[in-house]
>>> print(open('final_16.txt').read())   # compact mmCIF, C-alpha atoms
# COMPACT_ATOMS: atom_id res chain seq x y z
CA MET A 217 19.71 -33.97 91.35
CA PHE A 218 16.51 -33.21 93.21
CA ALA A 219 16.52 -34.62 96.75
CA PHE A 220 13.23 -35.90 98.12
CA ARG A 221 12.50 -36.18 101.81
CA LEU A 222 9.72 -37.74 103.86
CA ASP A 223 7.80 -36.72 106.92
CA SER A 224 6.63 -40.03 108.35
CA ARG A 225 4.41 -38.37 110.96
CA SER A 226 2.37 -36.18 108.67
CA GLY A 227 -0.36 -38.72 107.90
CA VAL A 228 -0.06 -37.75 104.23
CA PRO A 229 0.55 -40.79 101.99
CA THR A 230 4.16 -41.10 100.84
CA TYR A 231 3.39 -40.81 97.14
CA LEU A 232 1.47 -37.56 97.71
CA GLN A 233 4.37 -36.14 99.72
CA LEU A 234 6.69 -36.78 96.77
CA VAL A 235 4.27 -35.17 94.30
CA GLU A 236 3.85 -32.16 96.57
CA GLN A 237 7.63 -31.68 96.81
CA VAL A 238 7.95 -31.51 93.03
CA ARG A 239 5.04 -29.07 92.82
CA ARG A 240 6.59 -26.93 95.54
CA GLY A 241 10.06 -27.27 94.01
CA LEU A 242 8.70 -25.85 90.76
CA LEU A 243 6.92 -23.00 92.54
CA LEU A 244 10.02 -22.05 94.51
CA GLY A 245 12.48 -22.50 91.68
CA TYR A 246 14.37 -25.49 93.14
CA LEU A 247 13.30 -27.39 90.03
CA VAL A 248 13.41 -25.99 86.51
CA ASP A 249 11.80 -27.03 83.25
CA GLY A 250 13.47 -30.05 81.67
CA GLU A 251 15.39 -31.10 84.77
CA GLN A 252 15.73 -34.84 85.26
CA LEU A 253 14.30 -36.46 88.37
CA PRO A 254 16.17 -39.32 90.06
CA THR A 255 15.15 -42.81 88.98
CA VAL A 256 12.59 -44.83 90.93
CA ARG A 257 15.36 -47.09 92.19
CA GLU A 258 17.47 -44.12 93.35
CA VAL A 259 14.59 -42.53 95.24
CA ALA A 260 13.58 -45.88 96.77
CA ALA A 261 17.14 -46.55 97.97
CA ALA A 262 17.75 -43.00 99.24
CA LEU A 263 14.52 -42.79 101.25
CA VAL A 264 14.25 -46.54 101.94
CA VAL A 265 10.71 -46.60 100.58
CA ASN A 266 8.82 -49.03 98.42
CA PRO A 267 9.69 -48.59 94.71
CA ASN A 268 6.01 -49.13 93.83
CA THR A 269 5.17 -46.07 95.92
CA VAL A 270 7.77 -43.98 94.07
CA ALA A 271 6.46 -45.24 90.72
CA LYS A 272 2.95 -44.29 91.82
CA ALA A 273 4.15 -40.78 92.70
CA TYR A 274 5.79 -40.42 89.27
CA ARG A 275 2.57 -41.55 87.55
CA GLU A 276 0.64 -39.00 89.59
CA MET A 277 3.15 -36.27 88.60
CA GLU A 278 2.60 -37.17 84.94
CA ARG A 279 -1.16 -37.05 85.40
CA ALA A 280 -0.87 -33.62 87.04
CA GLY A 281 1.35 -32.37 84.23
CA LEU A 282 4.34 -31.82 86.53
CA ALA A 283 6.64 -34.32 84.84
CA ALA A 284 6.89 -36.52 81.77
CA PRO A 285 8.83 -39.68 80.99
CA ARG A 286 11.23 -39.82 78.07
CA ALA A 287 11.67 -43.29 76.63
CA GLY A 288 14.82 -44.92 77.96
CA GLN A 289 16.04 -41.78 79.69
CA GLY A 290 13.94 -41.22 82.79
CA THR A 291 11.45 -38.69 84.09
CA PHE A 292 11.80 -34.95 83.49
CA VAL A 293 9.97 -32.07 85.14
CA ILE A 294 7.79 -29.73 83.15
CA GLY A 295 8.12 -26.11 84.22
CA ARG A 296 5.56 -23.47 83.44
CA ALA A 297 6.37 -20.77 80.90
CA ASP A 298 5.82 -18.07 83.51
CA GLN A 299 8.13 -19.70 86.04
CA VAL A 300 10.13 -17.15 88.02
CA PRO A 301 13.93 -17.71 87.86
CA HIS A 302 15.59 -19.18 90.94
CA ALA A 303 17.79 -16.06 91.43
CA VAL A 304 14.72 -13.86 91.67
CA HIS A 305 13.27 -16.26 94.22
CA LEU A 306 16.41 -16.09 96.33
CA LYS A 307 16.43 -12.29 96.25
CA LEU A 308 12.74 -12.02 97.15
CA ALA A 309 13.15 -14.60 99.93
CA ALA A 310 16.03 -12.56 101.43
CA GLN A 311 13.95 -9.37 101.29
CA LEU A 312 10.97 -11.12 102.86
CA ARG A 313 13.16 -12.50 105.66
CA ALA A 314 14.42 -8.99 106.43
CA TRP A 315 10.85 -7.71 106.45
CA VAL A 316 9.65 -10.55 108.73
CA ARG A 317 12.53 -9.77 111.14
CA ALA A 318 11.40 -6.13 111.20
CA ALA A 319 7.80 -7.22 111.84
CA GLN A 320 8.92 -9.45 114.71
CA ALA A 321 11.02 -6.62 116.14
CA ALA A 322 7.91 -4.43 116.00
CA GLY A 323 6.09 -7.04 118.10
CA LEU A 324 3.92 -8.77 115.50
CA ALA A 325 3.01 -12.37 116.29
CA PRO A 326 3.27 -14.93 113.44
CA GLU A 327 -0.53 -14.97 113.21
CA GLN A 328 -0.54 -11.17 112.73
CA VAL A 329 2.19 -11.43 110.08
CA ARG A 330 0.15 -13.99 108.16
CA ALA A 331 -3.00 -11.87 108.44
CA LEU A 332 -1.12 -8.84 107.17
CA VAL A 333 0.35 -10.74 104.20
CA THR A 334 -3.08 -12.10 103.30
CA THR A 335 -4.61 -8.64 103.53
CA VAL A 336 -1.92 -7.12 101.30
CA LEU A 337 -2.27 -9.95 98.76
CA ASP A 338 -6.03 -9.60 98.70
CA ASP A 339 -5.84 -5.85 98.32
CA GLY A 340 -5.83 -4.85 94.67
CA GLN A 341 -3.98 -1.63 95.46
CA ALA A 342 -1.23 -3.42 97.35
CA PRO A 343 1.70 -2.84 94.93
CA THR A 344 1.28 0.92 94.65
CA ARG A 345 0.83 1.35 98.39
CA ALA A 346 3.89 -0.76 99.11
CA ASP A 347 5.89 1.36 96.70
CA ALA A 348 4.72 4.55 98.31
CA ALA A 349 5.63 3.37 101.82
CA MET B 52 2.71 -55.93 88.61
CA THR B 53 -0.98 -56.54 89.10
CA GLY B 54 -3.18 -59.29 87.78
CA THR B 55 -2.90 -62.66 89.43
CA SER B 56 -2.41 -62.80 93.13
CA ALA B 57 0.89 -63.92 94.60
CA LEU B 58 -0.81 -65.69 97.47
CA ARG B 59 -4.42 -66.54 98.10
CA PHE B 60 -5.65 -68.00 101.38
CA SER B 61 -9.17 -69.43 101.61
CA GLY B 62 -10.61 -70.17 105.03
CA LEU B 63 -7.13 -70.94 106.29
CA GLY B 64 -6.77 -72.20 109.85
CA LYS B 65 -4.11 -73.89 111.95
CA ARG B 66 -4.72 -75.64 115.23
CA TYR B 67 -1.96 -76.74 117.56
CA GLY B 68 -2.93 -79.57 119.89
CA ARG B 69 -6.65 -80.20 120.33
CA ARG B 70 -8.09 -76.75 120.86
CA THR B 71 -5.49 -74.02 120.41
CA TRP B 72 -6.16 -72.21 117.15
CA ALA B 73 -3.12 -70.15 116.15
CA LEU B 74 -4.94 -68.93 113.05
CA ARG B 75 -8.59 -69.07 112.01
CA ASP B 76 -10.86 -68.03 109.13
CA CYS B 77 -8.07 -66.41 107.20
CA SER B 78 -9.08 -65.45 103.66
CA LEU B 79 -6.72 -63.10 101.88
CA ASP B 80 -5.73 -62.18 98.38
CA LEU B 81 -2.20 -60.74 98.30
CA PRO B 82 -1.38 -58.92 95.06
CA GLN B 83 1.69 -59.77 93.01
CA GLY B 84 4.59 -57.30 92.89
CA ASN B 85 3.69 -55.75 96.23
CA VAL B 86 5.56 -55.52 99.50
CA ILE B 87 3.10 -56.81 102.07
CA GLY B 88 3.54 -56.13 105.75
CA LEU B 89 2.10 -58.60 108.22
CA VAL B 90 1.53 -56.77 111.51
CA GLY B 91 0.46 -58.05 114.86
CA ALA B 92 1.49 -58.45 118.48
CA ASN B 93 3.69 -61.35 119.56
CA GLY B 94 1.53 -64.46 119.46
CA ALA B 95 -0.95 -63.03 116.98
CA GLY B 96 -0.23 -65.82 114.51
CA LYS B 97 2.23 -64.11 112.18
CA THR B 98 4.83 -66.88 112.05
CA THR B 99 2.11 -69.52 111.65
CA LEU B 100 0.63 -67.61 108.69
CA LEU B 101 4.04 -67.16 107.04
CA GLN B 102 4.92 -70.84 107.43
CA LEU B 103 1.52 -71.90 106.07
CA ALA B 104 2.04 -69.54 103.13
CA ILE B 105 5.17 -71.34 101.99
CA GLY B 106 4.28 -74.90 102.96
CA LEU B 107 6.46 -75.25 106.04
CA LEU B 108 3.26 -76.01 107.95
CA LYS B 109 0.23 -77.97 106.82
CA PRO B 110 -3.08 -76.17 107.39
CA THR B 111 -5.69 -77.75 109.64
CA GLU B 112 -8.36 -76.31 107.37
CA GLY B 113 -8.53 -74.18 104.24
CA THR B 114 -6.19 -73.86 101.27
CA VAL B 115 -3.24 -71.80 100.02
CA SER B 116 -2.50 -71.06 96.40
CA MET B 117 0.67 -69.40 95.17
CA PHE B 118 0.73 -67.58 91.81
CA GLY B 119 -2.62 -69.11 90.94
CA ARG B 120 -1.66 -72.72 91.66
CA PRO B 121 -2.37 -74.84 94.74
CA LEU B 122 0.66 -74.78 97.00
CA ARG B 123 2.95 -77.78 96.57
CA MET B 124 6.18 -77.74 98.47
CA ASP B 125 7.13 -81.29 97.55
CA SER B 126 7.97 -80.27 93.98
CA PRO B 127 11.33 -78.56 93.32
CA ALA B 128 9.74 -76.03 90.95
CA GLY B 129 7.58 -74.71 93.78
CA LEU B 130 10.54 -74.40 96.12
CA ALA B 131 12.58 -72.45 93.59
CA GLU B 132 9.96 -69.71 93.51
CA VAL B 133 10.20 -68.97 97.23
CA GLY B 134 12.91 -67.31 99.27
CA PHE B 135 12.53 -67.52 103.03
CA VAL B 136 14.44 -65.87 105.84
CA ALA B 137 13.39 -67.24 109.22
CA GLN B 138 13.33 -65.27 112.44
CA ASP B 139 16.84 -64.27 113.64
CA HIS B 140 18.18 -65.15 110.15
CA PRO B 141 19.83 -68.46 111.02
CA LEU B 142 23.03 -69.31 109.13
CA TYR B 143 25.36 -72.28 109.31
CA ARG B 144 27.59 -70.99 112.11
CA GLY B 145 30.71 -72.86 111.09
CA PHE B 146 30.43 -72.00 107.39
CA SER B 147 32.26 -69.08 105.89
CA VAL B 148 30.19 -66.70 103.77
CA ALA B 149 31.96 -68.09 100.67
CA ASP B 150 31.02 -71.65 101.75
CA MET B 151 27.37 -70.64 101.97
CA LEU B 152 27.48 -69.08 98.52
CA ARG B 153 29.04 -72.29 97.13
CA TYR B 154 26.42 -74.39 98.93
CA GLY B 155 23.57 -72.19 97.73
CA ASN B 156 24.92 -72.30 94.21
CA SER B 157 24.97 -76.10 94.11
CA MET B 158 21.52 -76.46 95.67
CA ASN B 159 19.58 -73.95 93.56
CA PRO B 160 19.23 -74.04 89.77
CA ARG B 161 18.88 -70.29 89.29
CA PHE B 162 21.36 -69.12 91.94
CA ASP B 163 22.88 -65.74 91.06
CA ARG B 164 26.31 -66.15 92.65
CA PRO B 165 28.05 -63.21 90.91
CA GLY B 166 25.18 -60.93 91.93
CA ALA B 167 25.36 -62.12 95.53
CA GLU B 168 29.13 -61.60 95.64
CA ARG B 169 28.76 -58.11 94.22
CA ARG B 170 26.10 -57.20 96.80
CA LEU B 171 28.23 -58.46 99.70
CA ARG B 172 31.23 -56.55 98.36
CA GLU B 173 29.15 -53.36 98.17
CA LEU B 174 28.06 -53.93 101.77
CA GLY B 175 31.67 -54.49 102.84
CA ILE B 176 31.04 -58.00 104.18
CA PRO B 177 34.19 -60.19 103.90
CA THR B 178 33.27 -63.54 102.36
CA GLU B 179 36.15 -65.40 104.00
CA HIS B 180 34.71 -64.82 107.50
CA ARG B 181 32.71 -67.47 109.29
CA ALA B 182 29.07 -66.65 109.93
CA ASP B 183 29.49 -66.55 113.70
CA ARG B 184 32.19 -63.89 113.34
CA LEU B 185 29.84 -61.43 111.63
CA SER B 186 27.80 -58.78 113.41
CA GLY B 187 24.03 -59.22 113.71
CA GLY B 188 23.42 -56.74 110.92
CA GLN B 189 25.92 -58.48 108.64
CA GLN B 190 24.36 -61.89 109.34
CA ALA B 191 20.96 -60.48 108.40
CA GLN B 192 22.38 -59.06 105.19
CA VAL B 193 24.02 -62.40 104.32
CA ALA B 194 20.74 -64.26 104.93
CA LEU B 195 18.86 -61.77 102.76
CA THR B 196 21.52 -61.92 100.03
CA LEU B 197 21.35 -65.73 99.94
CA ALA B 198 17.55 -65.65 99.72
CA LEU B 199 17.64 -63.04 96.92
CA ALA B 200 20.33 -64.97 95.03
CA LYS B 201 17.77 -67.75 94.52
CA GLN B 202 15.94 -65.18 92.36
CA PRO B 203 12.60 -66.06 93.96
CA ARG B 204 9.25 -64.67 92.82
CA LEU B 205 8.10 -64.58 96.44
CA LEU B 206 10.32 -63.57 99.33
CA VAL B 207 9.07 -64.27 102.85
CA LEU B 208 10.79 -62.65 105.82
CA ASP B 209 9.84 -63.43 109.42
CA GLU B 210 10.59 -60.45 111.70
CA PRO B 211 13.67 -59.61 109.62
CA VAL B 212 14.79 -56.53 111.52
CA ALA B 213 13.52 -57.17 115.05
CA SER B 214 16.97 -57.94 116.42
CA LEU B 215 18.82 -55.19 114.55
CA ASP B 216 19.87 -51.70 115.61
CA PRO B 217 18.32 -48.73 113.76
CA LEU B 218 21.21 -48.29 111.32
CA ALA B 219 21.33 -52.01 110.45
CA ARG B 220 17.55 -51.95 110.01
CA ARG B 221 17.80 -49.16 107.53
CA GLU B 222 20.61 -50.88 105.61
CA PHE B 223 18.64 -54.13 105.52
CA MET B 224 15.49 -52.41 104.25
CA LYS B 225 17.56 -50.53 101.70
CA THR B 226 18.88 -53.81 100.26
CA LEU B 227 15.29 -55.07 100.18
CA VAL B 228 13.78 -52.08 98.33
CA GLU B 229 16.63 -52.12 95.81
CA ALA B 230 15.90 -55.79 95.13
CA VAL B 231 12.21 -54.99 94.64
CA ALA B 232 13.11 -52.18 92.24
CA GLU B 233 15.33 -54.50 90.20
CA ALA B 234 13.22 -57.64 89.93
CA ASP B 235 9.61 -58.71 89.71
CA LEU B 236 9.43 -59.71 93.33
CA THR B 237 6.59 -60.04 95.81
CA VAL B 238 7.63 -59.65 99.45
CA LEU B 239 5.74 -60.75 102.53
CA LEU B 240 7.37 -59.64 105.78
CA SER B 241 6.19 -59.64 109.36
CA SER B 242 6.81 -57.18 112.14
CA HIS B 243 5.31 -56.02 115.39
CA VAL B 244 6.50 -52.46 114.73
CA VAL B 245 4.20 -50.59 112.38
CA THR B 246 6.40 -47.59 111.75
CA GLU B 247 9.15 -49.61 110.11
CA LEU B 248 6.65 -51.10 107.67
CA GLU B 249 4.89 -47.91 106.67
CA ARG B 250 7.56 -46.76 104.25
CA VAL B 251 8.61 -50.07 102.82
CA CYS B 252 5.24 -51.77 102.38
CA ASP B 253 2.39 -50.85 100.07
CA HIS B 254 -0.02 -53.40 101.50
CA VAL B 255 -0.75 -54.38 105.07
CA VAL B 256 -2.36 -57.32 106.86
CA LEU B 257 -3.19 -56.84 110.52
CA LEU B 258 -3.46 -60.01 112.61
CA HIS B 259 -4.95 -60.08 116.07
CA GLN B 260 -5.38 -63.25 118.13
CA GLY B 261 -5.19 -65.47 115.09
CA ARG B 262 -7.65 -63.51 112.98
CA VAL B 263 -7.28 -60.90 110.27
CA ARG B 264 -8.45 -57.55 111.62
CA LEU B 265 -7.64 -55.31 108.67
CA THR B 266 -6.12 -55.67 105.25
CA GLY B 267 -5.64 -53.46 102.22
CA ASP B 268 -3.49 -51.11 100.22
CA ILE B 269 -1.88 -48.71 102.71
CA ASP B 270 -2.60 -45.56 100.68
CA ASP B 271 -6.24 -46.65 100.27
CA LEU B 272 -6.53 -47.34 103.99
CA ILE B 273 -5.08 -43.95 104.91
CA ALA B 274 -7.25 -42.17 102.35
CA GLY B 275 -10.33 -44.05 103.51
CA HIS B 276 -10.09 -43.10 107.17
CA ARG B 277 -10.08 -39.79 109.00
CA MET B 278 -10.29 -38.32 112.46
CA LEU B 279 -13.32 -36.13 113.09
CA THR B 280 -13.05 -33.68 115.97
CA GLY B 281 -16.04 -31.74 117.21
CA PRO B 282 -18.48 -31.15 120.06
CA ARG B 283 -18.93 -34.05 122.45
CA THR B 284 -21.13 -36.78 121.04
CA ASP B 285 -21.99 -39.66 123.33
CA ASP B 286 -24.49 -41.27 121.04
CA THR B 287 -22.15 -42.55 118.34
CA ALA B 288 -24.41 -45.38 117.19
CA GLY B 289 -25.48 -43.39 114.15
CA VAL B 290 -21.99 -42.41 112.97
CA ALA B 291 -21.20 -44.21 109.72
CA GLY B 292 -18.05 -46.31 109.73
CA LEU B 293 -17.07 -45.53 113.31
CA ILE B 294 -13.89 -47.35 114.34
CA ALA B 295 -12.96 -45.67 117.61
CA ALA B 296 -14.19 -42.79 119.76
CA THR B 297 -12.38 -40.86 122.49
CA HIS B 298 -14.09 -38.15 124.48
CA GLY B 299 -13.00 -35.00 126.29
CA THR B 300 -15.27 -33.01 128.57
CA ARG B 301 -16.72 -30.96 125.74
CA HIS B 302 -15.39 -32.56 122.59
CA SER B 303 -15.02 -35.95 120.92
CA HIS B 304 -12.55 -37.50 118.50
CA LEU B 305 -14.12 -40.04 116.17
CA LEU B 306 -11.98 -42.24 113.95
CA VAL B 307 -14.19 -43.15 111.03
CA ARG B 308 -13.93 -45.16 107.85
CA GLN B 309 -15.55 -43.01 105.21
CA PRO B 310 -15.08 -42.73 101.47
CA VAL B 311 -12.55 -40.22 100.22
CA GLY B 312 -14.09 -36.80 99.70
CA MET B 313 -17.23 -37.52 101.69
CA PRO B 314 -18.23 -34.16 103.14
CA ALA B 315 -18.11 -33.98 106.91
CA HIS B 316 -20.75 -32.16 108.89
CA PRO B 317 -19.63 -28.52 109.26
CA ARG B 318 -19.23 -28.85 113.01
CA TRP B 319 -16.66 -31.62 112.58
CA GLU B 320 -13.06 -30.88 111.74
CA ALA B 321 -11.58 -33.70 109.64
CA ASN B 322 -7.89 -34.67 109.79
CA PRO B 323 -5.87 -37.46 108.18
CA VAL B 324 -4.81 -40.43 110.29
CA GLY B 325 -1.42 -42.16 110.10
CA LEU B 326 -1.05 -45.92 109.67
CA GLU B 327 0.15 -46.45 113.24
CA ASP B 328 -2.90 -44.74 114.76
CA LEU B 329 -5.10 -46.70 112.41
CA VAL B 330 -3.58 -50.03 113.38
CA LEU B 331 -3.79 -49.25 117.09
CA ALA B 332 -7.44 -48.28 116.75
CA TYR B 333 -8.29 -51.53 114.97
CA LEU B 334 -6.34 -53.56 117.54
CA ALA B 335 -8.20 -51.86 120.40
CA ARG B 336 -11.64 -52.62 118.97
CA PRO B 337 -13.55 -55.19 120.94
CA ASP B 338 -14.95 -58.12 118.99
CA THR B 339 -18.41 -56.65 119.04
CA GLU B 340 -20.03 -58.79 116.42
CA PRO B 341 -18.57 -62.30 116.62
CA PRO B 342 -21.28 -63.89 114.44
CA GLN B 343 -20.39 -61.63 111.51
CA ALA B 344 -16.66 -61.96 111.99
CA ALA B 345 -16.96 -65.73 112.11
CA SER B 346 -19.19 -66.00 109.05
CA PRO B 347 -17.46 -67.73 106.14
CA PRO B 348 -15.97 -65.30 103.62
CA PRO B 349 -16.94 -65.53 99.94
CA PRO B 350 -14.94 -68.18 98.06
CA GLU B 351 -13.99 -65.76 95.28
CA PRO B 352 -12.74 -62.17 95.70
CA ALA B 353 -15.46 -59.62 95.18
CA GLY B 354 -13.88 -58.13 92.09
CA PRO B 355 -10.63 -56.74 90.70
CA GLY B 356 -11.30 -53.22 91.92
CA ARG B 357 -11.95 -54.20 95.50
CA ARG B 358 -8.57 -54.14 97.15
CA LEU B 359 -9.58 -52.52 100.39
CA SER B 360 -11.55 -54.72 102.69
CA ILE B 361 -12.17 -54.39 106.36
CA VAL B 362 -12.79 -57.69 107.96
CA THR B 363 -14.57 -56.57 111.10
CA ASP B 364 -17.14 -54.47 109.34
CA PRO B 365 -18.93 -52.05 111.67
CA SER B 366 -22.70 -52.35 111.69
CA ALA B 367 -23.62 -50.05 108.87
CA ALA B 368 -26.22 -48.05 110.74
CA GLU B 369 -27.70 -45.09 108.95
CA ARG B 370 -25.99 -41.80 109.74
CA GLN B 371 -28.27 -39.86 112.05
CA ALA B 372 -27.11 -36.62 113.57
>>> encode(input="final_16.txt", output="structure tokens")
Amino acid sequence: MFAFRLDSRSGVPTYLQLVEQVRRGLLLGYLVDGEQLPTVREVAAALVVNPNTVAKAYREMERAGLAAPRAGQGTFVIGRADQVPHAVHLKLAAQLRAWVRAAQAAGLAPEQVRALVTTVLDDGQAPTRADAA
Amino acid sequence: MTGTSALRFSGLGKRYGRRTWALRDCSLDLPQGNVIGLVGANGAGKTTLLQLAIGLLKPTEGTVSMFGRPLRMDSPAGLAEVGFVAQDHPLYRGFSVADMLRYGNSMNPRFDRPGAERRLRELGIPTEHRADRLSGGQQAQVALTLALAKQPRLLVLDEPVASLDPLARREFMKTLVEAVAEADLTVLLSSHVVTELERVCDHVVLLHQGRVRLTGDIDDLIAGHRMLTGPRTDDTAGVAGLIAATHGTRHSHLLVRQPVGMPAHPRWEANPVGLEDLVLAYLARPDTEPPQAASPPPPEPAGPGRRLSIVTDPSAAERQA
């Protein structure tokens, strides 16, 4: 079952934090299409938050097309057709970690790493150049 | 969940003795099905407001209505709708937990004894023990369980977790949110610690020196305020919705109440503000415009959509940069 968490210092309303975690979970492959989310009561008890807030988050997820209720069963996430499988995510994450370690060893500051990633992403020729390197 | 209000106060005031007003000009509409946090320093009037809300005190002026009806605590039907846990959750010291369940069962028509016994079993609280043999956290849980067993529509808790350690606080709040998830229950609880209310409550009432400083849906309040950081601005009179300003040598932080999505001037960086910072800023505000704050509020709420209201409204000067 998907585990929510809360950052009480972020200044972001609780219900938006919950919505964002489902969105992110789908992007990163922690959540897959058709997976059931915990009930409002379960989330409220686990996080010790107001059940109305959890219900509000679930309504917002439905509005955003991230999840849908099934009568009498609960709320289920809606994955996108082009969702990348979790295994691929894991593999790519491991490769990226190795690359970031190499960048740090070469003396790049986090800001420089981010700038480099952005540049490569923005560059239309990025895949071919990366292959050639 | 929404619709009628659970509690409505109109011009409520309570005076102790001849001139000490514990509460004054209190007009509030507290929505049904919500968990409402009453925040304020010690002596702000929280306990007075709670006791007025459930008829334990008689108001000096103004009226209270509960679920759309004028408050009557002399009728048994009215009493059955309210669960109340007083400060430090007093129990009958010499009674065992089982005695209290028996007593509660015989005194209340809708008492859910099996449910209460199940909850205490889940919490690992032995019912054969006397109340004074239980830990503080267990006593609080027993008091809450007894109040919930009445199956009230309104549960009022006065500083329920002030005397508890962090783990017992969490366990207590967990029992509370589970009860809210299971039943159609409105909760009004007081605290002087904002952080412990932020998660559990969806509505907040801020009391300061016997007056309501701020009230509204917590998400609306957070969405409706932001911190603007930019070059130092000493003339803040023209800033719309200014709540608080702090200045560095070359820059200023302005906490403002502005509608969601209102574009900030490019030289200002806008950041969200947490509930605790918001409450502290409202508490620190001087009573700049006493005539406005003391003016009588409208007898009827301004409309169903208007849940966010700031009582000490800043002078709405035109924004001039």
>>> interface_residues(input="final_16.txt", of="chain A", to="chain B", cutoff="10 Å", atoms="only C-alpha atoms", output="list in words")
Leu222, Ser224, Arg225, Ser226, Gly227, Val228, Pro229, Thr230, Tyr231, Leu232, Val256, Arg257, Glu258, Val259, Ala260, Ala261, Ala262, Leu263, Val264, Val265, Asn266, Pro267, Asn268, Thr269, Val270 and Ala271 of chain A
>>> write_last_selection(input="final_16.txt", atoms="C-alpha atoms", output="compact mmCIF listing (two decimals), in the frame of the given file")
# COMPACT_ATOMS: atom_id res chain seq x y z
CA LEU A 222 9.72 -37.74 103.86
CA SER A 224 6.63 -40.03 108.35
CA ARG A 225 4.41 -38.37 110.96
CA SER A 226 2.37 -36.18 108.67
CA GLY A 227 -0.36 -38.72 107.90
CA VAL A 228 -0.06 -37.75 104.23
CA PRO A 229 0.55 -40.79 101.99
CA THR A 230 4.16 -41.10 100.84
CA TYR A 231 3.39 -40.81 97.14
CA LEU A 232 1.47 -37.56 97.71
CA VAL A 256 12.59 -44.83 90.93
CA ARG A 257 15.36 -47.09 92.19
CA GLU A 258 17.47 -44.12 93.35
CA VAL A 259 14.59 -42.53 95.24
CA ALA A 260 13.58 -45.88 96.77
CA ALA A 261 17.14 -46.55 97.97
CA ALA A 262 17.75 -43.00 99.24
CA LEU A 263 14.52 -42.79 101.25
CA VAL A 264 14.25 -46.54 101.94
CA VAL A 265 10.71 -46.60 100.58
CA ASN A 266 8.82 -49.03 98.42
CA PRO A 267 9.69 -48.59 94.71
CA ASN A 268 6.01 -49.13 93.83
CA THR A 269 5.17 -46.07 95.92
CA VAL A 270 7.77 -43.98 94.07
CA ALA A 271 6.46 -45.24 90.72
>>> atom_distance(input="final_16.txt", atom1="CA of Leu206 in chain B", atom2="CA of Val133 in chain B")
5.8 Å
>>> residues_around(input="final_16.txt", residues="Leu81 in chain B", least_positions_apart="2", cutoff="12 Å", atoms="all atoms listed in the file", output="NGL selection string")
:B and (52-61 or 78-79 or 83-89 or 104 or 115-119 or 205 or 237-239 or 253-256 or 266-268 or 352 or 358-360)
>>> residues_around(input="final_16.txt", residues="Ala95 in chain B", least_positions_apart="3", cutoff="7 Å", atoms="all atoms listed in the file", output="MDAnalysis selection string")
chainID B and resid 91:92 258:261
>>> residues_around(input="final_16.txt", residues="His304 in chain B", least_positions_apart="2", cutoff="8 Å", atoms="all atoms listed in the file", output="short mmCIF file (atom, residue, chain, number, x, y, z; two decimals) with C-alpha atoms, keeping the file's coordinate frame")
data_model
loop_
_atom_site.label_atom_id
_atom_site.label_comp_id
_atom_site.auth_asym_id
_atom_site.auth_seq_id
_atom_site.Cartn_x
_atom_site.Cartn_y
_atom_site.Cartn_z
CA MET B 278 -10.29 -38.32 112.46
CA LEU B 279 -13.32 -36.13 113.09
CA THR B 280 -13.05 -33.68 115.97
CA GLY B 281 -16.04 -31.74 117.21
CA ALA B 296 -14.19 -42.79 119.76
CA THR B 297 -12.38 -40.86 122.49
CA HIS B 298 -14.09 -38.15 124.48
CA HIS B 302 -15.39 -32.56 122.59
CA LEU B 306 -11.98 -42.24 113.95
#
>>> closest_residue(input="final_16.txt", among="B:Arg170, B:Arg318, B:Arg283, B:Lys65", to="Thr114 in chain B", atoms="only C-alpha atoms")
B:Lys65
>>> atom_distance(input="final_16.txt", atom1="CA of Tyr67 in chain B", atom2="CA of Tyr143 in chain B")
28.9 Å
>>> atom_distance(input="final_16.txt", atom1="CA of Lys272 in chain A", atom2="CA of Ala213 in chain B")
28.6 Å
>>> closest_residue(input="final_16.txt", among="A:Val300, A:Leu308, A:Val248, A:Val235", to="Met277 in chain A", atoms="only C-alpha atoms")
A:Val235
>>> residues_around(input="final_16.txt", residues="Leu171 in chain B", least_positions_apart="6", cutoff="9 Å", atoms="only C-alpha atoms", output="PyMOL selection string")
chain B and resi 177-178+192-193+196
>>> axis_aligned_box(input="final_16.txt", around="range 282-301 of chain A", padding_each_side="8 Å", output="JSON")
{"center_x": 10.2, "center_y": -31.0, "center_z": 82.3, "size_x": 27.7, "size_y": 43.8, "size_z": 27.4}
>>> residues_around(input="final_16.txt", residues="Val263 in chain B", least_positions_apart="6", cutoff="9 Å", atoms="only C-alpha atoms", output="list in words")
Leu74, Arg75, Asp76, Cys77, Ser78, Leu79, Val256, Leu257, Val362 and Thr363 of chain B
>>> residues_near_point(input="final_16.txt", point="(12.7, -64.3, 107.4)", cutoff="6 Å", atoms="all atoms listed in the file", output="number ranges by chain")
B: 135-138, 207-209, 211
